[in-house]
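Step one of this worksheet: look at the structure below.
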Amino acid sequence: MREQVEIGRGRSAQRSYVFDDLDIVPSRRTRSSSAVSTAWQLDAYRFELPLLTHPTDAVVSPATAAEVGRLGGLGVLNAEGLWARHAEAEKVLAEVVGRAATDPADAVAELQRLHAAPVQPALLTEALERIRAGGATVAARVSPQHARELTPTLLAAGVEVLVVQGTIISAEHVGGEDDGAEGPLDLEDFIDGLDIPVVAGGVADYRTAMHLMRTGAAGVIVGYGQSAATSTDAVLGIGVPMATALVETAAARRDYLDETGGRYVHVVADGAMGTSGDIAKAIACGADAVMLGEQLAAAEEAPGAGWYWTASAAHPSLPRSGITRVPTVAPDLATVLTGPARSGAGTMNLFGALRRAMAKTGYSDLKEFQRVGLSVRR
């Protein structure tokens, strides 16, 4: 039972923890990092890095999705983004970046205007075909509001992994007249009709995670991509204490595994990871993989040219992300993900650092590392 803290007369709240509250505890055993595997497998697809990209146009183009795949991760294209709406996506992205350099608020307004254009199935299909031509697993993100509408196009284009992602998601999305949805999306029925793995989220608690697992999702996303650019806490008052949220979701995974007699649902951490140490803590708290965006935005391949925003920046009436300049930390994606690191700040060679953390604590694979000891600083 989680600890309850009284915050005033007749009102209590649950105590929660973020990554900065925790430390990984070394064990009596160490091992060589060459004897450590960071590989994970989602359904039939194996990846050498436990990485999905946050589906934002600032980071993911067809070319960068293919490059992330080459490096061992999974690039996730936003199927409702600029690549699906504009024939010259690079040109309109350059316009957004140009406005951001002068006035970031004006750049958000430009994103809203650009996203008012309809999704064009031919453009979306072309973008996904470019990812496939690059030899990568093809993955795309849709919002709960538009999942039913866009999924037939995605399936026809050969999508292999579908990500259904919103800021906060439930097992049933209740539509309304103002959100463009055709009606409530029952995720269980939706997933049951698909032959590809679906990763859904974000969630922040045991109960919602369990509900999503029962829909048949292959993976559950914890969080909503908290970063320097996101403003969900300021706009909606909603926050996700990632360490606690991951532990709660991992507990739901364990109970669901018992409930189903062996069906394992993957947990993906999205947000609140500024350094490689935070990535290690996310795995230690129960994540099977992490979803990164801001950390990749400064690489030379990033379409945002050093600027970062999430998909929610383009919401037509209530953006929950700004556009933020990301400090340049590495020349390319390969250096960010697999090194070599050129500083000790924990912003390069992210997965080499994860491998070293696992080795220093004596664990040989990700599932083992989920059992590592943790201590609370306060």
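For the structure tokens, the naming scheme is as follows: chains receive sequential letters (A, B, ...) according to their order of presentation, residues are indexed from 1 within each chain, and ligands are indexed from 1 in presentation order.
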**OP:** List every residue of region 253-318 of chain A that DSSP, applied to the backbone, labels as helix (DSSP H, G or I), and write the result as a list in words.
**Re:** Arg253, Arg254, Asp255, Tyr256, Leu257, Asp258, Glu259, Thr260, Ser276, Gly277, Asp278, Ile279, Ala280, Lys281, Ala282, Ile283, Ala284, Glu294, Gln295, Leu296, Ala311, Ser312, Ala313 and Ala314 of chain A
Could you write out that same residue set with C-alpha atoms as an mmCIF file, in the first residue's frame?
data_model
loop_
_atom_site.group_PDB
_atom_site.id
_atom_site.type_symbol
_atom_site.label_atom_id
_atom_site.label_comp_id
_atom_site.auth_asym_id
_atom_site.auth_seq_id
_atom_site.Cartn_x
_atom_site.Cartn_y
_atom_site.Cartn_z
ATOM 1 C CA ARG A 253 2.393 -6.204 -15.398
ATOM 2 C CA ARG A 254 3.319 -8.828 -12.794
ATOM 3 C CA ASP A 255 -0.303 -9.272 -11.679
ATOM 4 C CA TYR A 256 -1.518 -9.397 -15.281
ATOM 5 C CA LEU A 257 1.117 -12.035 -16.037
ATOM 6 C CA ASP A 258 -0.349 -14.154 -13.220
ATOM 7 C CA GLU A 259 -3.918 -13.394 -14.289
ATOM 8 C CA THR A 260 -3.330 -14.567 -17.858
ATOM 9 C CA SER A 276 21.789 8.258 -19.062
ATOM 10 C CA GLY A 277 21.539 7.750 -15.302
ATOM 11 C CA ASP A 278 17.811 8.469 -15.496
ATOM 12 C CA ILE A 279 17.482 5.866 -18.258
ATOM 13 C CA ALA A 280 19.180 3.309 -16.012
ATOM 14 C CA LYS A 281 16.820 4.216 -13.164
ATOM 15 C CA ALA A 282 13.810 3.842 -15.480
ATOM 16 C CA ILE A 283 14.850 0.278 -16.321
ATOM 17 C CA ALA A 284 15.591 -0.388 -12.646
ATOM 18 C CA GLU A 294 14.579 15.756 -26.339
ATOM 19 C CA GLN A 295 17.828 13.794 -25.946
ATOM 20 C CA LEU A 296 17.916 13.182 -29.715
ATOM 21 C CA ALA A 311 3.045 16.585 -30.911
ATOM 22 C CA SER A 312 0.807 18.358 -28.403
ATOM 23 C CA ALA A 313 2.376 21.694 -29.426
ATOM 24 C CA ALA A 314 0.097 21.640 -32.475
#
**OP:** Compile the contact shell of Gly352 (chain A) as a ChimeraX atom specification: residues with an atom at most 12 Å away, counting only C-alpha atoms, same-chain residues fewer than 4 positions apart removed.
**Re:** /A:33-34,36-38,48-50,276-277,279-280,334-341,346-348,356-359
**OP:** Skip Gly72 (chain A) itself and residues of its chain fewer than 4 positions away, then list as an MDAnalysis selection string all residues within 12 Å of it, counting only C-alpha atoms.
**Re:** chainID A and resid 38:41 45:53 65:68 135:137 333:334 337:338 351
For Thr232 (chain A), list every protein, DNA or RNA residue within 12 Å, evaluated using only C-alpha atoms, and leave out those in the same chain fewer than 6 positions away; present the list as an mmCIF file with N, CA and C atoms, in the first residue's frame.
data_model
loop_
_atom_site.group_PDB
_atom_site.id
_atom_site.type_symbol
_atom_site.label_atom_id
_atom_site.label_comp_id
_atom_site.auth_asym_id
_atom_site.auth_seq_id
_atom_site.Cartn_x
_atom_site.Cartn_y
_atom_site.Cartn_z
ATOM 1 N N GLY A 166 -1.677 9.281 -26.361
ATOM 2 C CA GLY A 166 -2.191 10.594 -26.018
ATOM 3 C C GLY A 166 -1.497 11.061 -24.758
ATOM 4 N N THR A 167 -1.810 12.279 -24.308
ATOM 5 C CA THR A 167 -1.204 12.761 -23.068
ATOM 6 C C THR A 167 -1.539 11.820 -21.926
ATOM 7 N N ILE A 168 -2.816 11.557 -21.751
ATOM 8 C CA ILE A 168 -3.296 10.573 -20.797
ATOM 9 C C ILE A 168 -4.293 9.716 -21.554
ATOM 10 N N GLY A 223 3.867 7.776 -18.697
ATOM 11 C CA GLY A 223 4.274 9.173 -18.850
ATOM 12 C C GLY A 223 3.778 9.775 -20.137
ATOM 13 N N TYR A 224 4.149 11.037 -20.348
ATOM 14 C CA TYR A 224 3.689 11.751 -21.539
ATOM 15 C C TYR A 224 4.821 12.567 -22.176
ATOM 16 N N GLY A 225 6.047 12.146 -21.969
ATOM 17 C CA GLY A 225 7.156 12.829 -22.627
ATOM 18 C C GLY A 225 7.615 14.087 -21.931
ATOM 19 N N GLN A 226 7.559 14.102 -20.589
ATOM 20 C CA GLN A 226 7.989 15.290 -19.854
ATOM 21 C C GLN A 226 9.394 15.704 -20.270
ATOM 22 N N ILE A 238 -1.477 18.360 -14.443
ATOM 23 C CA ILE A 238 -1.223 16.927 -14.389
ATOM 24 C C ILE A 238 0.275 16.680 -14.455
ATOM 25 N N GLY A 239 0.772 15.848 -13.552
ATOM 26 C CA GLY A 239 2.171 15.469 -13.563
ATOM 27 C C GLY A 239 2.317 13.981 -13.330
ATOM 28 N N VAL A 240 3.430 13.434 -13.752
ATOM 29 C CA VAL A 240 3.679 12.007 -13.583
ATOM 30 C C VAL A 240 4.996 11.822 -12.836
ATOM 31 N N GLY A 271 9.582 10.111 -20.834
ATOM 32 C CA GLY A 271 9.728 11.426 -20.227
ATOM 33 C C GLY A 271 10.490 11.418 -18.911
ATOM 34 N N THR A 310 6.836 18.631 -28.702
ATOM 35 C CA THR A 310 6.098 17.378 -28.796
ATOM 36 C C THR A 310 4.879 17.591 -29.689
ATOM 37 N N SER A 312 1.870 17.558 -29.015
ATOM 38 C CA SER A 312 0.807 18.358 -28.403
ATOM 39 C C SER A 312 1.009 19.863 -28.600
ATOM 40 N N ALA A 313 2.164 20.269 -29.121
ATOM 41 C CA ALA A 313 2.376 21.694 -29.426
ATOM 42 C C ALA A 313 1.432 22.175 -30.505
ATOM 43 N N LEU A 318 -5.458 24.120 -27.358
ATOM 44 C CA LEU A 318 -4.792 24.095 -26.060
ATOM 45 C C LEU A 318 -3.454 23.368 -26.167
ATOM 46 N N PRO A 319 -2.448 24.007 -26.745
ATOM 47 C CA PRO A 319 -1.123 23.364 -26.822
ATOM 48 C C PRO A 319 -0.578 23.065 -25.429
ATOM 49 N N ARG A 320 0.105 21.914 -25.316
ATOM 50 C CA ARG A 320 0.710 21.529 -24.046
ATOM 51 C C ARG A 320 2.198 21.279 -24.222
ATOM 52 N N SER A 321 2.758 22.028 -25.168
ATOM 53 C CA SER A 321 4.199 21.995 -25.406
ATOM 54 C C SER A 321 4.589 23.293 -26.078
ATOM 55 N N GLY A 322 5.741 23.799 -25.696
ATOM 56 C CA GLY A 322 6.322 24.912 -26.417
ATOM 57 C C GLY A 322 7.382 24.400 -27.369
#
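Of note, CA of Ala140 (chain A) and CA of Val267 (chain A) are spaced 17.7 Å apart.
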Original post:
Tell me, which residues of region 219-317 of chain A carry DSSP strand (DSSP E or B), written as a VMD selection string?
Top reply: chain A and resid 219 to 226 230 266 to 271 289 to 292 307 to 308
Would you put the residues from that selection into a file with N, CA and C atoms, as a PDB file, in the first residue's frame?
ATOM      1  N   GLY A 219       2.341  -3.391 -25.348  1.00  0.00           N
ATOM      2  CA  GLY A 219       3.158  -2.524 -24.515  1.00  0.00           C
ATOM      3  C   GLY A 219       2.334  -1.378 -23.967  1.00  0.00           C
ATOM      4  N   VAL A 220       2.731  -0.872 -22.810  1.00  0.00           N
ATOM      5  CA  VAL A 220       2.057   0.250 -22.169  1.00  0.00           C
ATOM      6  C   VAL A 220       3.087   1.354 -21.940  1.00  0.00           C
ATOM      7  N   ILE A 221       2.761   2.560 -22.372  1.00  0.00           N
ATOM      8  CA  ILE A 221       3.639   3.717 -22.197  1.00  0.00           C
ATOM      9  C   ILE A 221       3.307   4.396 -20.877  1.00  0.00           C
ATOM     10  N   VAL A 222       4.333   4.656 -20.081  1.00  0.00           N
ATOM     11  CA  VAL A 222       4.177   5.358 -18.810  1.00  0.00           C
ATOM     12  C   VAL A 222       4.713   6.779 -18.988  1.00  0.00           C
ATOM     13  N   GLY A 223       3.867   7.776 -18.697  1.00  0.00           N
ATOM     14  CA  GLY A 223       4.274   9.173 -18.850  1.00  0.00           C
ATOM     15  C   GLY A 223       3.778   9.775 -20.137  1.00  0.00           C
ATOM     16  N   TYR A 224       4.149  11.037 -20.348  1.00  0.00           N
ATOM     17  CA  TYR A 224       3.689  11.751 -21.539  1.00  0.00           C
ATOM     18  C   TYR A 224       4.821  12.567 -22.176  1.00  0.00           C
ATOM     19  N   GLY A 225       6.047  12.146 -21.969  1.00  0.00           N
ATOM     20  CA  GLY A 225       7.156  12.829 -22.627  1.00  0.00           C
ATOM     21  C   GLY A 225       7.615  14.087 -21.931  1.00  0.00           C
ATOM     22  N   GLN A 226       7.559  14.102 -20.589  1.00  0.00           N
ATOM     23  CA  GLN A 226       7.989  15.290 -19.854  1.00  0.00           C
ATOM     24  C   GLN A 226       9.394  15.704 -20.270  1.00  0.00           C
ATOM     25  N   THR A 230       7.669  20.457 -22.634  1.00  0.00           N
ATOM     26  CA  THR A 230       6.290  20.148 -22.291  1.00  0.00           C
ATOM     27  C   THR A 230       5.764  21.075 -21.201  1.00  0.00           C
ATOM     28  N   HIS A 266       4.955  -5.275 -22.211  1.00  0.00           N
ATOM     29  CA  HIS A 266       6.145  -4.446 -22.054  1.00  0.00           C
ATOM     30  C   HIS A 266       5.778  -3.061 -21.523  1.00  0.00           C
ATOM     31  N   VAL A 267       6.658  -2.523 -20.697  1.00  0.00           N
ATOM     32  CA  VAL A 267       6.479  -1.205 -20.100  1.00  0.00           C
ATOM     33  C   VAL A 267       7.504  -0.256 -20.708  1.00  0.00           C
ATOM     34  N   VAL A 268       7.031   0.872 -21.228  1.00  0.00           N
ATOM     35  CA  VAL A 268       7.883   1.856 -21.894  1.00  0.00           C
ATOM     36  C   VAL A 268       7.821   3.167 -21.123  1.00  0.00           C
ATOM     37  N   ALA A 269       8.958   3.671 -20.679  1.00  0.00           N
ATOM     38  CA  ALA A 269       9.032   4.930 -19.940  1.00  0.00           C
ATOM     39  C   ALA A 269       9.171   6.097 -20.912  1.00  0.00           C
ATOM     40  N   ASP A 270       8.294   7.090 -20.782  1.00  0.00           N
ATOM     41  CA  ASP A 270       8.306   8.238 -21.690  1.00  0.00           C
ATOM     42  C   ASP A 270       8.387   9.528 -20.896  1.00  0.00           C
ATOM     43  N   GLY A 271       9.582  10.111 -20.834  1.00  0.00           N
ATOM     44  CA  GLY A 271       9.728  11.426 -20.227  1.00  0.00           C
ATOM     45  C   GLY A 271      10.490  11.418 -18.911  1.00  0.00           C
ATOM     46  N   ALA A 289      11.823  -0.639 -21.875  1.00  0.00           N
ATOM     47  CA  ALA A 289      12.416   0.244 -22.880  1.00  0.00           C
ATOM     48  C   ALA A 289      12.063   1.677 -22.513  1.00  0.00           C
ATOM     49  N   VAL A 290      12.738   2.621 -23.155  1.00  0.00           N
ATOM     50  CA  VAL A 290      12.483   4.037 -22.915  1.00  0.00           C
ATOM     51  C   VAL A 290      12.128   4.718 -24.230  1.00  0.00           C
ATOM     52  N   MET A 291      11.318   5.763 -24.125  1.00  0.00           N
ATOM     53  CA  MET A 291      10.937   6.572 -25.279  1.00  0.00           C
ATOM     54  C   MET A 291      11.625   7.922 -25.134  1.00  0.00           C
ATOM     55  N   LEU A 292      12.535   8.239 -26.057  1.00  0.00           N
ATOM     56  CA  LEU A 292      13.343   9.452 -25.959  1.00  0.00           C
ATOM     57  C   LEU A 292      13.023  10.415 -27.096  1.00  0.00           C
ATOM     58  N   TRP A 307      15.869  22.378 -32.351  1.00  0.00           N
ATOM     59  CA  TRP A 307      14.675  22.818 -31.621  1.00  0.00           C
ATOM     60  C   TRP A 307      13.824  21.600 -31.320  1.00  0.00           C
ATOM     61  N   TYR A 308      13.132  21.635 -30.173  1.00  0.00           N
ATOM     62  CA  TYR A 308      12.349  20.470 -29.769  1.00  0.00           C
ATOM     63  C   TYR A 308      10.940  20.882 -29.359  1.00  0.00           C
TER      64      TYR A 308
END
**OP:** Extract, using only C-alpha atoms, all DNA, RNA and protein residues at most 8 Å from Ala252 (chain A), discarding same-chain residues fewer than 5 positions from it, and format them as an NGL selection string.
**Re:** :A and (206-207 or 209-210)
Subject >> For Glu80 (chain A): contacts at 7 Å, only C-alpha atoms, fewer than 3 positions along chain excluded, given as a ChimeraX atom specification >> reply: /A:84,119,142
Generate a file of the selected residues that holds N, CA and C atoms, formatted as a PDB file, in the first residue's frame.
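Output saved as part_16.pdb:
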ATOM      1  N   ALA A  84       2.814  13.645 -42.914  1.00  0.00           N
ATOM      2  CA  ALA A  84       1.567  13.101 -43.439  1.00  0.00           C
ATOM      3  C   ALA A  84       0.653  14.178 -44.020  1.00  0.00           C
ATOM      4  N   VAL A 119      -4.603  15.163 -43.152  1.00  0.00           N
ATOM      5  CA  VAL A 119      -3.676  14.067 -43.410  1.00  0.00           C
ATOM      6  C   VAL A 119      -3.963  13.507 -44.796  1.00  0.00           C
ATOM      7  N   VAL A 142      -0.533   7.118 -33.662  1.00  0.00           N
ATOM      8  CA  VAL A 142      -1.799   7.810 -33.881  1.00  0.00           C
ATOM      9  C   VAL A 142      -2.362   8.198 -32.519  1.00  0.00           C
TER      10      VAL A 142
END
